[in-house]
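Here's run_18.cif, which has mmCIF, C-alpha atoms:
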data_structure
loop_
_atom_site.label_atom_id
_atom_site.label_comp_id
_atom_site.auth_asym_id
_atom_site.auth_seq_id
_atom_site.Cartn_x
_atom_site.Cartn_y
_atom_site.Cartn_z
CA MET A 938 14.41 -10.86 42.99
CA GLY A 939 11.72 -12.02 40.59
CA VAL A 940 11.25 -8.51 39.20
CA GLU A 941 9.98 -8.62 35.62
CA ASP A 942 12.34 -7.07 33.09
CA ARG A 943 10.27 -4.44 31.29
CA ASP A 944 11.16 -1.35 29.31
CA ASP A 945 9.82 2.16 29.87
CA GLU A 946 7.16 1.86 27.16
CA GLU A 947 5.65 -1.29 28.72
CA ILE A 948 5.64 0.33 32.17
CA GLU A 949 3.93 3.43 30.74
CA ALA A 950 1.34 1.26 28.98
CA GLU A 951 0.54 -0.48 32.28
CA HIS A 952 0.18 2.85 34.05
CA ARG A 953 -2.18 4.07 31.33
CA ALA A 954 -4.33 0.95 31.61
CA SER A 955 -4.45 1.31 35.40
CA ARG A 956 -5.46 4.99 35.18
CA LEU A 957 -8.18 4.16 32.69
CA ALA A 958 -9.54 1.36 34.86
CA ALA A 959 -9.70 3.72 37.83
CA VAL A 960 -11.47 6.47 35.89
CA ARG A 961 -13.99 4.01 34.45
CA GLU A 962 -15.14 3.22 37.97
CA PHE A 963 -16.84 6.63 37.80
CA ALA A 964 -17.16 7.20 34.02
CA PRO A 965 -17.64 3.86 32.19
CA ASN A 966 -17.21 5.45 28.75
CA ALA A 967 -13.94 7.23 29.54
CA ARG A 968 -11.11 6.98 27.02
CA LEU A 969 -7.45 7.92 27.01
CA ASP A 970 -5.71 10.21 24.56
CA GLU A 971 -4.24 8.25 21.67
CA GLU A 972 -0.55 8.59 20.86
CA LEU A 973 1.78 7.27 18.17
CA GLN A 974 5.51 7.04 18.84
CA LEU A 975 7.98 6.48 16.02
CA ARG A 976 11.48 5.59 17.20
CA LEU A 977 14.16 6.11 14.55
CA THR A 978 17.53 4.46 15.09
CA GLY A 979 20.57 4.76 12.90
CA PRO A 980 23.95 6.46 12.49
CA ASP A 981 22.60 10.02 12.84
CA THR A 982 19.79 9.65 15.38
CA GLU A 983 21.60 9.89 18.72
CA GLY A 984 20.97 13.63 19.01
CA GLY A 985 17.24 13.12 19.38
CA ALA A 986 16.46 15.45 16.47
CA LEU A 987 14.32 14.96 13.38
CA ARG A 988 16.00 16.09 10.17
CA PHE A 989 13.70 17.84 7.72
CA GLN A 990 14.56 15.39 4.94
CA TRP A 991 13.57 12.46 7.18
CA GLY A 992 10.27 14.09 8.04
CA ASP A 993 9.42 14.73 4.38
CA ALA A 994 10.23 11.16 3.43
CA LEU A 995 8.77 9.28 6.41
CA LEU A 996 5.85 11.06 8.03
CA HIS A 997 3.55 11.34 5.01
CA PRO A 998 4.00 7.63 4.05
CA MET A 999 3.22 6.68 7.66
CA GLU A 1000 0.02 8.72 7.61
CA THR A 1001 -0.92 7.17 4.26
CA ALA A 1002 -0.27 3.65 5.57
CA VAL A 1003 -2.48 4.23 8.63
CA SER A 1004 -5.24 5.66 6.43
CA VAL A 1005 -5.13 2.72 4.01
CA ALA A 1006 -5.15 0.25 6.91
CA ALA A 1007 -8.11 2.06 8.50
CA GLY A 1008 -10.03 2.23 5.24
CA THR A 1009 -10.66 5.95 5.79
CA PRO A 1010 -8.48 9.07 5.86
CA VAL A 1011 -6.60 9.51 9.15
CA GLN A 1012 -4.73 12.73 9.79
CA LEU A 1013 -1.80 12.78 12.19
CA GLU A 1014 -0.10 15.75 13.79
CA LEU A 1015 3.35 16.06 15.36
CA THR A 1016 3.32 16.80 19.07
CA GLY A 1017 7.00 16.52 19.97
CA ILE A 1018 10.47 15.05 19.49
CA SER A 1019 12.49 13.41 22.24
CA ALA A 1020 15.84 11.71 22.63
CA GLY A 1021 16.66 8.05 23.14
CA SER A 1022 17.61 7.85 19.49
CA THR A 1023 15.06 10.07 17.70
CA VAL A 1024 11.53 9.56 19.00
CA VAL A 1025 8.70 11.26 17.13
CA HIS A 1026 5.48 11.80 19.09
CA ALA A 1027 2.25 12.19 17.14
CA ARG A 1028 -1.49 11.89 17.61
CA PRO A 1029 -4.53 11.61 15.35
CA ILE A 1030 -6.40 14.82 14.65
CA ALA A 1031 -9.91 14.69 16.05
CA PRO A 1032 -12.73 15.13 13.48
CA ALA A 1033 -13.74 18.77 13.03
CA ALA A 1034 -17.42 17.98 13.49
CA PRO A 1035 -17.95 14.92 15.71
CA PRO A 1036 -21.32 13.15 15.68
CA GLU A 1037 -24.05 14.17 18.09
CA PRO A 1038 -23.40 12.85 21.61
CA HIS A 1039 -26.39 10.51 21.54
CA ALA A 1040 -25.11 8.93 18.27
CA LEU A 1041 -21.49 8.56 19.40
CA ASP A 1042 -20.38 5.15 20.61
CA THR A 1043 -17.48 6.26 22.79
CA LEU A 1044 -16.26 2.69 23.21
CA ALA A 1045 -15.98 1.96 19.49
CA PRO A 1046 -12.42 1.78 18.12
CA SER A 1047 -11.21 4.95 16.44
CA ALA A 1048 -10.16 4.95 12.80
CA ALA A 1049 -6.55 5.54 13.88
CA GLY A 1050 -6.73 2.66 16.34
CA THR A 1051 -8.15 0.32 13.71
CA GLY A 1052 -5.47 1.38 11.23
CA MET A 1053 -2.62 0.96 13.71
CA SER A 1054 -3.87 -2.50 14.70
CA THR A 1055 -3.67 -3.64 11.06
CA LEU A 1056 -0.41 -1.83 10.30
CA THR A 1057 1.46 -3.31 13.27
CA LYS A 1058 0.34 -6.80 12.26
CA LEU A 1059 1.76 -6.28 8.78
CA LEU A 1060 5.06 -4.89 10.10
CA ALA A 1061 5.39 -7.87 12.43
CA ALA A 1062 4.77 -10.24 9.52
CA LEU A 1063 7.44 -8.51 7.44
CA GLU A 1064 9.98 -8.74 10.25
CA SER A 1065 9.30 -12.47 10.64
CA GLU A 1066 9.26 -12.93 6.84
CA SER A 1067 5.77 -14.42 6.97
CA ASP A 1068 2.92 -14.51 4.44
CA VAL A 1069 1.60 -10.96 4.01
CA ARG A 1070 -1.01 -11.52 1.31
CA GLU A 1071 -3.75 -10.82 3.85
CA TRP A 1072 -2.59 -7.19 3.86
CA ALA A 1073 -2.00 -6.82 0.10
CA LYS A 1074 -3.93 -3.53 -0.10
CA LEU A 1075 -1.52 -2.01 2.45
CA PHE A 1076 1.70 -3.30 0.92
CA ASP A 1077 2.36 -0.40 -1.47
CA SER A 1078 2.14 2.19 1.33
CA VAL A 1079 4.54 0.24 3.52
CA GLU A 1080 6.92 -0.25 0.60
CA VAL A 1081 7.19 3.55 0.18
CA LEU A 1082 8.01 3.81 3.89
CA SER A 1083 10.56 1.00 3.57
CA ARG A 1084 12.35 2.72 0.68
CA ALA A 1085 12.59 5.95 2.68
CA LEU A 1086 14.12 4.10 5.65
CA ASN A 1087 16.63 2.45 3.32
CA LYS A 1088 17.57 5.80 1.81
CA TYR A 1089 18.62 7.23 5.18
CA SER A 1090 19.84 3.97 6.81
CA LEU A 1091 17.18 4.13 9.50
CA ASP A 1092 15.33 1.46 11.46
CA LEU A 1093 11.80 2.18 12.64
CA GLY A 1094 10.11 1.21 15.88
CA VAL A 1095 6.37 1.88 16.15
CA THR A 1096 4.45 2.10 19.43
CA TRP A 1097 0.73 2.86 19.53
CA TYR A 1098 -1.05 3.82 22.74
CA GLY A 1099 -4.75 3.24 22.24
CA ALA A 1100 -7.74 5.01 23.75
CA ASP A 1101 -8.75 1.88 25.66
CA GLY A 1102 -5.35 1.53 27.33
CA ASP A 1103 -3.89 -1.01 24.94
CA MET A 1104 -0.39 -0.80 23.47
CA ARG A 1105 0.76 -2.16 20.12
CA ARG A 1106 4.36 -2.37 19.00
CA ALA A 1107 6.16 -3.31 15.80
CA ARG A 1108 9.43 -2.69 13.99
CA LEU A 1109 10.69 -2.34 10.45
CA THR A 1110 14.41 -3.09 10.44
CA GLU A 1111 16.82 -4.01 7.67
CA ARG A 1112 15.58 -7.59 7.74
CA GLY A 1113 11.98 -6.54 7.12
CA ARG A 1114 13.01 -4.08 4.43
CA ARG A 1115 14.98 -6.75 2.56
CA TYR A 1116 11.88 -8.94 2.68
CA VAL A 1117 9.80 -6.07 1.24
CA ALA A 1118 12.25 -5.80 -1.66
CA ARG A 1119 12.03 -9.55 -2.35
CA LEU A 1120 8.24 -9.45 -2.31
CA ARG A 1121 8.29 -6.55 -4.74
CA ALA A 1122 10.15 -8.57 -7.41
CA THR A 1123 7.81 -9.62 -10.23
CA GLN A 1124 7.32 -12.63 -12.46
CA ASP A 1125 5.36 -12.88 -15.69
CA ARG A 1126 2.13 -14.84 -16.07
CA ASP A 1127 0.94 -15.29 -19.66
CA GLN A 1128 -2.29 -16.58 -21.16
CA GLU A 1129 -3.86 -16.39 -24.59
CA ILE A 1130 -7.27 -14.73 -24.84
CA VAL A 1131 -9.58 -13.39 -27.57
CA ILE A 1132 -10.54 -9.72 -27.63
CA SER A 1133 -13.59 -8.68 -29.63
CA GLY A 1134 -14.74 -5.13 -30.12
CA ARG A 1135 -14.60 -1.94 -32.10
CA ILE A 1136 -11.42 0.01 -32.96
CA THR A 1137 -11.56 3.47 -31.39
CA GLU A 1138 -7.92 4.52 -31.72
CA LEU A 1139 -4.98 3.72 -34.01
CA ARG A 1140 -1.31 4.63 -33.76
CA GLU A 1141 1.35 4.02 -36.37
CA SER A 1142 3.76 2.98 -33.63
CA GLY A 1143 1.77 -0.26 -33.38
CA TRP A 1144 -1.03 0.35 -30.88
CA VAL A 1145 -4.76 -0.24 -31.30
CA LYS A 1146 -7.47 0.54 -28.77
CA VAL A 1147 -10.32 -1.96 -28.94
CA LYS A 1148 -13.49 -1.07 -27.05
CA THR A 1149 -15.70 -3.97 -26.10
CA GLY A 1150 -19.06 -2.17 -26.10
CA VAL A 1151 -20.90 1.01 -27.03
CA ALA A 1152 -21.43 2.25 -23.48
CA LYS A 1153 -19.12 5.04 -22.31
CA ASN A 1154 -17.80 2.88 -19.49
CA ALA A 1155 -17.25 -0.22 -21.65
CA TYR A 1156 -13.80 -1.72 -21.14
CA ALA A 1157 -11.15 -0.87 -23.73
CA TYR A 1158 -7.95 -2.83 -24.42
CA ASP A 1159 -4.67 -1.29 -25.61
CA VAL A 1160 -3.30 -3.96 -27.97
CA HIS A 1161 0.36 -3.77 -28.99
CA PHE A 1162 1.68 -5.02 -32.34
CA GLU A 1163 5.31 -6.07 -31.98
CA ASP A 1164 5.72 -5.43 -35.72
CA PRO A 1165 4.01 -2.10 -36.51
CA GLU A 1166 4.18 -2.91 -40.23
CA GLU A 1167 1.81 -5.81 -39.63
CA LEU A 1168 -0.77 -3.35 -38.37
CA VAL A 1169 -0.24 -1.12 -41.42
CA ARG A 1170 -0.74 -4.07 -43.78
CA MET A 1171 -4.06 -4.93 -42.12
CA ARG A 1172 -5.44 -1.51 -43.11
CA PRO A 1173 -7.81 -1.29 -40.17
CA GLY A 1174 -10.11 1.71 -39.80
CA LEU A 1175 -11.73 3.46 -36.89
CA GLY A 1176 -15.02 1.81 -36.06
CA ASP A 1177 -14.04 -1.58 -37.54
CA ASN A 1178 -15.17 -4.64 -35.62
CA VAL A 1179 -12.26 -6.98 -34.90
CA HIS A 1180 -11.53 -10.27 -33.15
CA PHE A 1181 -7.90 -10.51 -32.00
CA ARG A 1182 -5.97 -13.34 -30.43
CA VAL A 1183 -3.67 -11.69 -27.90
CA ARG A 1184 -1.14 -12.66 -25.27
CA PHE A 1185 -2.34 -11.30 -21.95
CA ARG A 1186 0.71 -10.80 -19.74
CA GLN A 1187 0.56 -9.85 -16.08
CA ARG A 1188 3.60 -8.99 -14.02
CA LEU A 1189 2.75 -10.17 -10.51
CA ASP A 1190 4.75 -9.61 -7.35
CA SER A 1191 4.94 -12.17 -4.56
CA VAL A 1192 2.03 -10.52 -2.73
CA GLY A 1193 -0.18 -11.17 -5.74
CA ILE A 1194 -0.42 -7.56 -6.90
CA ALA A 1195 -0.41 -7.02 -10.66
CA ARG A 1196 2.29 -4.42 -11.25
CA SER A 1197 1.61 -4.18 -14.99
CA THR A 1198 -0.54 -5.76 -17.69
CA GLU A 1199 -0.10 -5.81 -21.44
CA TYR A 1200 -1.91 -7.22 -24.48
CA THR A 1201 0.20 -8.28 -27.48
CA TYR A 1202 -1.35 -9.16 -30.85
CA LEU A 1203 -0.84 -12.79 -31.92
CA GLY A 1204 -3.19 -13.04 -34.90
CA PRO A 1205 -6.84 -12.96 -36.01
CA ALA A 1206 -9.28 -15.02 -33.98
CA ALA A 1207 -11.30 -17.77 -35.64
CA GLU A 1208 -14.41 -15.56 -35.56
CA GLN A 1209 -12.76 -12.91 -37.67
CA THR A 1210 -12.92 -12.84 -41.47
CA SER A 1211 -9.65 -12.48 -43.31
CA LEU A 1212 -8.32 -8.97 -43.43
CA PRO A 1213 -6.47 -7.71 -46.52
CA LEU A 1214 -2.73 -8.17 -45.97
CA ALA A 1215 -1.48 -6.94 -49.32
CA PRO A 1216 0.35 -3.59 -49.17
#
Would you kindly transcribe this structure into C-alpha cells?
Amino acid sequence: MGVEDRDDEEIEAEHRASRLAAVREFAPNARLDEELQLRLTGPDTEGGALRFQWGDALLHPMETAVSVAAGTPVQLELTGISAGSTVVHARPIAPAAPPEPHALDTLAPSAAGTGMSTLTKLLAALESESDVREWAKLFDSVEVLSRALNKYSLDLGVTWYGADGDMRRARLTERGRRYVARLRATQDRDQEIVISGRITELRESGWVKVKTGVAKNAYAYDVHFEDPEELVRMRPGLGDNVHFRVRFRQRLDSVGIARSTEYTYLGPAAEQTSLPLAP
C-alpha cells in the first residue's frame, strides 16, 4: 500500500515536530520538553523493570557521558519506567536560576541537547567500528558504561527527543562493546630524553623526583632506577642538580589516550659531571 514502515519512536518524533511547528505559528520561540529514553534489552529485561544494581551501574555513567560531551555538568532525573524490554525515561533538570528573560536565547541548543548530539555520534561510530579519535575526551565515560552493560549482559538503545522537535538515536550492543575493549588495549611508545633539574625527593626503593624549576608549579619527573643499588652508589642528595638520560615510555590506547607514562633512568647525560660511583 506504499505505507512507510516506521516504529513507534519515529512516529512519536514526527508528531512532536508537527506539534512544535503548529505552536510556533503563534509563539516563534516555543520549545518542547526534552526527554531521554534508554532501552535496555537482555535476558532479564522483559518485565519492564529496572533492577537497582543496573541503575547504580548505568545511570550515573550515562549522566557523566552527557556532561563530558556537553562540556558542562548536565543533571538528569528519572521520570518513569515502561515495558517493551526495560525502557528508562529521563529528562534534564532545568537550571535552578535561569538567566533573565531578555538575556535568554530560547532557540539556542540546551547543554543536554548538545551533549546528546555528540554522544549519539560516538555510539554510532562504535557500533560501525569507525574512527573515534574525534571524541577521545568522551571515550573514558563511554567505556565505563560499556563495562557495566557487559557485566549484566545488556544492550542499550538511546533515543533523545530534543526541544526543537528533533530525534537522535543510537545503540551500544555487544559489537560496539567489543570494539571499545579493542580500542582500550595499549601499546608502548618509547623515546630517550634528557631531564635536567633539582632533586626534591629520594626513595631507597629506586625513585627520584627531579623538579625542573624553582617555581611551585614547575614540572617534576618521577624517575625510576631499575637497580636501586645504582641510585645508592651515586650518593645523590636533596637539592643536587642533575642531568639524567631517561627512557620516556607512554602506554597509548588506539584512541590516542596515554594510559600511563613512566621515566626510567638510563645514565648520566653529557652535560652532567661524573658522580661518585664507589660504595
query: Using only C-alpha atoms, which of A:Tyr1098, A:Tyr1089, A:Trp1144, A:Tyr1200 sits nearest A:Asp1127?
result: A:Tyr1200
task: Please identify all polymer residues within 8 Å of A:Val1003, counting all atoms listed in the file, omitting same-chain residues fewer than 5 positions from it, and present them as a PyMOL selection string.
output: chain A and resi 1011+1049+1052-1053+1056
Picked residues, the PyMOL selection byres ((chain A and resi 1070) around 10), as a PDB file with C-alpha atoms, keeping the file's coordinate frame:
ATOM      1  CA  LEU A1059       1.760  -6.280   8.780  1.00  0.00           C
ATOM      2  CA  SER A1067       5.770 -14.420   6.970  1.00  0.00           C
ATOM      3  CA  ASP A1068       2.920 -14.510   4.440  1.00  0.00           C
ATOM      4  CA  VAL A1069       1.600 -10.960   4.010  1.00  0.00           C
ATOM      5  CA  GLU A1071      -3.750 -10.820   3.850  1.00  0.00           C
ATOM      6  CA  TRP A1072      -2.590  -7.190   3.860  1.00  0.00           C
ATOM      7  CA  ALA A1073      -2.000  -6.820   0.100  1.00  0.00           C
ATOM      8  CA  LYS A1074      -3.930  -3.530  -0.100  1.00  0.00           C
ATOM      9  CA  LEU A1075      -1.520  -2.010   2.450  1.00  0.00           C
ATOM     10  CA  PHE A1076       1.700  -3.300   0.920  1.00  0.00           C
ATOM     11  CA  SER A1191       4.940 -12.170  -4.560  1.00  0.00           C
ATOM     12  CA  VAL A1192       2.030 -10.520  -2.730  1.00  0.00           C
ATOM     13  CA  GLY A1193      -0.180 -11.170  -5.740  1.00  0.00           C
ATOM     14  CA  ILE A1194      -0.420  -7.560  -6.900  1.00  0.00           C
TER      15      ILE A1194
END
Which neighbours of stretch 1015-1026 of chain A fall inside 10 Å, counting all atoms listed in the file, when residues of the same chain fewer than 3 positions from it are skipped, and could you give them as a compact mmCIF listing (two decimals) with C-alpha atoms, in the frame of the given file?
# COMPACT_ATOMS: atom_id res chain seq x y z
CA GLU A 972 -0.55 8.59 20.86
CA LEU A 973 1.78 7.27 18.17
CA GLN A 974 5.51 7.04 18.84
CA LEU A 975 7.98 6.48 16.02
CA ARG A 976 11.48 5.59 17.20
CA LEU A 977 14.16 6.11 14.55
CA THR A 978 17.53 4.46 15.09
CA GLY A 979 20.57 4.76 12.90
CA PRO A 980 23.95 6.46 12.49
CA ASP A 981 22.60 10.02 12.84
CA THR A 982 19.79 9.65 15.38
CA GLU A 983 21.60 9.89 18.72
CA GLY A 984 20.97 13.63 19.01
CA GLY A 985 17.24 13.12 19.38
CA ALA A 986 16.46 15.45 16.47
CA LEU A 987 14.32 14.96 13.38
CA ARG A 988 16.00 16.09 10.17
CA GLY A 992 10.27 14.09 8.04
CA LEU A 996 5.85 11.06 8.03
CA PRO A 1029 -4.53 11.61 15.35
CA ILE A 1030 -6.40 14.82 14.65
CA LEU A 1093 11.80 2.18 12.64
CA GLY A 1094 10.11 1.21 15.88
CA VAL A 1095 6.37 1.88 16.15
CA THR A 1096 4.45 2.10 19.43
- prompt: To one decimal place, how far is atom CA of A:Ser1133 from atom CA of A:Asp1190 in Å?
  reply: 28.9 Å
message: I need the output of the PyMOL selection byres ((chain A and resi 1014) around 6) for this file as a list in words; which residues are they?
response: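 Selected by the PyMOL selection byres ((chain A and resi 1014) around 6) here: Leu1013, Leu1015, Ala1027 and Arg1028 of chain A.
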Can you list what the PyMOL selection byres ((chain A and resi 1204) around 7) grabs from this structure, as a PDB file with C-alpha atoms, in the coordinates of the input?
ATOM      1  CA  PHE A1181      -7.900 -10.510 -32.000  1.00  0.00           C
ATOM      2  CA  ARG A1182      -5.970 -13.340 -30.430  1.00  0.00           C
ATOM      3  CA  TYR A1202      -1.350  -9.160 -30.850  1.00  0.00           C
ATOM      4  CA  LEU A1203      -0.840 -12.790 -31.920  1.00  0.00           C
ATOM      5  CA  PRO A1205      -6.840 -12.960 -36.010  1.00  0.00           C
ATOM      6  CA  ALA A1206      -9.280 -15.020 -33.980  1.00  0.00           C
TER       7      ALA A1206
END
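Ranking A:Pro1010, A:Pro965, A:Lys1146, A:Leu1082 by their shortest atom-to-atom distance to A:Asp993, with all atoms listed in the file included, puts A:Leu1082 first.
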task: Mind giving me the straight-line distance from atom CA of A:Val1145 to atom CA of A:Glu1129 in Å, one decimal?
output: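 For atom CA of A:Val1145 relative to atom CA of A:Glu1129, the distance reads 17.5 Å.
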query: With distances taken over only C-alpha atoms, which of A:Ala1195, A:Ala1107, A:Ala1207, A:Val1160 is nearest to A:Ala1062?
result: A:Ala1107
Around all of stretch 1084-1091 of chain A's listed atoms, make the axis-aligned box with 3 Å on each side and tell me centre and edge lengths in Å to one decimal, as AutoDock Vina command-line options.
--center_x 16.1 --center_y 4.8 --center_z 5.1 --size_x 13.5 --size_y 10.8 --size_z 14.8
Reconstruct N, CA, C and O atoms of stretch 1015-1033 of chain A; output as a compact mmCIF listing (two decimals), in the coordinates of the input.
# COMPACT_ATOMS: atom_id res chain seq x y z
N LEU A 1015 2.16 16.20 14.54
CA LEU A 1015 3.35 16.06 15.36
C LEU A 1015 3.16 16.81 16.66
O LEU A 1015 2.73 17.97 16.67
N THR A 1016 3.47 16.15 17.77
CA THR A 1016 3.32 16.80 19.07
C THR A 1016 4.65 16.98 19.78
O THR A 1016 4.72 17.69 20.78
N GLY A 1017 5.72 16.33 19.31
CA GLY A 1017 7.00 16.52 19.97
C GLY A 1017 8.06 15.57 19.46
O GLY A 1017 7.76 14.57 18.79
N ILE A 1018 9.31 15.88 19.80
CA ILE A 1018 10.47 15.05 19.49
C ILE A 1018 11.24 14.86 20.78
O ILE A 1018 11.43 15.80 21.55
N SER A 1019 11.69 13.64 21.04
CA SER A 1019 12.49 13.41 22.24
C SER A 1019 13.67 12.53 21.91
O SER A 1019 13.75 11.92 20.84
N ALA A 1020 14.62 12.48 22.84
CA ALA A 1020 15.84 11.71 22.63
C ALA A 1020 15.63 10.27 23.04
O ALA A 1020 14.56 9.86 23.46
N GLY A 1021 16.73 9.50 22.95
CA GLY A 1021 16.66 8.05 23.14
C GLY A 1021 16.59 7.48 21.75
O GLY A 1021 15.64 6.81 21.39
N SER A 1022 17.64 7.78 20.94
CA SER A 1022 17.61 7.85 19.49
C SER A 1022 16.72 9.04 19.14
O SER A 1022 16.63 10.00 19.88
N THR A 1023 16.01 9.00 18.02
CA THR A 1023 15.06 10.07 17.70
C THR A 1023 13.65 9.50 17.83
O THR A 1023 13.28 8.58 17.10
N VAL A 1024 12.89 10.03 18.75
CA VAL A 1024 11.53 9.56 19.00
C VAL A 1024 10.55 10.65 18.59
O VAL A 1024 10.59 11.76 19.13
N VAL A 1025 9.71 10.33 17.63
CA VAL A 1025 8.70 11.26 17.13
C VAL A 1025 7.38 10.95 17.82
O VAL A 1025 6.91 9.81 17.80
N HIS A 1026 6.77 11.96 18.42
CA HIS A 1026 5.48 11.80 19.09
C HIS A 1026 4.40 12.43 18.21
O HIS A 1026 4.54 13.57 17.77
N ALA A 1027 3.33 11.69 17.98
CA ALA A 1027 2.25 12.19 17.14
C ALA A 1027 0.92 11.72 17.70
O ALA A 1027 0.86 10.84 18.56
N ARG A 1028 -0.14 12.31 17.19
CA ARG A 1028 -1.49 11.89 17.61
C ARG A 1028 -2.44 12.11 16.44
O ARG A 1028 -2.18 12.95 15.57
N PRO A 1029 -3.53 11.37 16.41
CA PRO A 1029 -4.53 11.61 15.35
C PRO A 1029 -5.29 12.90 15.61
O PRO A 1029 -5.53 13.27 16.76
N ILE A 1030 -5.62 13.60 14.54
CA ILE A 1030 -6.40 14.82 14.65
C ILE A 1030 -7.86 14.45 14.79
O ILE A 1030 -8.40 13.68 14.00
N ALA A 1031 -8.50 14.99 15.82
CA ALA A 1031 -9.91 14.69 16.05
C ALA A 1031 -10.75 15.26 14.92
O ALA A 1031 -10.43 16.31 14.36
N PRO A 1032 -11.85 14.59 14.53
CA PRO A 1032 -12.73 15.13 13.48
C PRO A 1032 -13.20 16.52 13.83
O PRO A 1032 -13.47 16.84 15.00
N ALA A 1033 -13.32 17.38 12.81
CA ALA A 1033 -13.74 18.77 13.03
C ALA A 1033 -15.16 18.85 13.56
O ALA A 1033 -15.49 19.71 14.37
